[in-house]
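Chemist: Below is a structure I'd like to ask you about.
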Amino acid sequence: RGVWSDLHLLIQTMFQILVFFSLIPFFFNTTIALSISIIASLVGLFILGALKTLVVKQNPWKLGLESIIVGGIAMIITYYIGSLFVVTV
């Protein structure tokens with residue numbers, strides 16, 4: 001295994017851990033679960049973006065904010081696509 005596979009494993013593992021943190025609020029009956037999840041997701045995206053500096057050697061703040069912007073746009077699009085489907089539980 002080389003450095004690239006180790007970095008890939010690190011980033012993949014961090015992604016899975018951070019995704020889990022964004023799901024935790026939904027295990028509790030709270031009215032602010034969505035807000036907490038969004039904040040946790042944005043923080044996670046920033047961390048993953050900053051981790052990219054291990055590979056591309058750029059400013060971690062720039063890459064973190066870039067990840068927030070791209071991920072935030074994806075979150076908004078996904079939310080609105082999901083709102084097109086009426087689901088009752």
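Naming scheme: A, B, ... for chains in displayed order of the structure tokens; residues 1 onward per chain; ligands 1 onward as shown.
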To test your reading of the structure, identify every residue in chain A that backbone DSSP assigns to helix (DSSP H, G or I), and report it as an MDAnalysis selection string.

Modeler: chainID A and resid 3:27 33:51 53:56 60:83

Chemist: Which residues come within 12 Å of Leu7 in chain A, counting only C-alpha atoms, excluding same-chain residues fewer than 6 positions away, as a PyMOL selection string?

Modeler: chain A and resi 1+13-14+48+51-56

Chemist: Residues within 8 Å of Leu63 in chain A, please, as a list of chain:residue names. Count only C-alpha atoms; anything in the same chain fewer than 2 positions from it doesn't count.

Modeler: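 Residues near the query, excluding close chain neighbours: A:Phe46, A:Gly49, A:Ala50, A:Lys52, A:Thr53, A:Gln58, A:Asn59, A:Pro60, A:Trp61, A:Leu65, A:Glu66, A:Ser67.
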
Chemist: Need to verify the contact set: range 16-31 of chain A, 6 Å, only C-alpha atoms, exclusion of same-chain residues closer than 5 positions in sequence. Can you return it as a ChimeraX atom specification?

Modeler: /A:37,40-41,44

Chemist: Tell me, as a ChimeraX atom specification, which residues lie within 8 Å of Leu42 in chain A, counting only C-alpha atoms; anything in the same chain fewer than 4 positions away does not count.

Modeler: /A:38,46,68,71-72

Chemist: Just to confirm, what's the straight-line distance from CA of Val87 in chain A to CA of Ile73 in chain A in Å (one decimal)?

Modeler: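 Between CA of Val87 in chain A and CA of Ile73 in chain A the gap works out to 23.2 Å.
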
Chemist: Separation of CA of Thr78 in chain A and CA of Leu34 in chain A, in Å?

Modeler: 13.7 Å

Chemist: So, with only C-alpha atoms as the atoms that count, which of A:Ser83, A:Phe15, A:Leu9, A:Val70 lies closest to Ile47 in chain A?

Modeler: A:Phe15
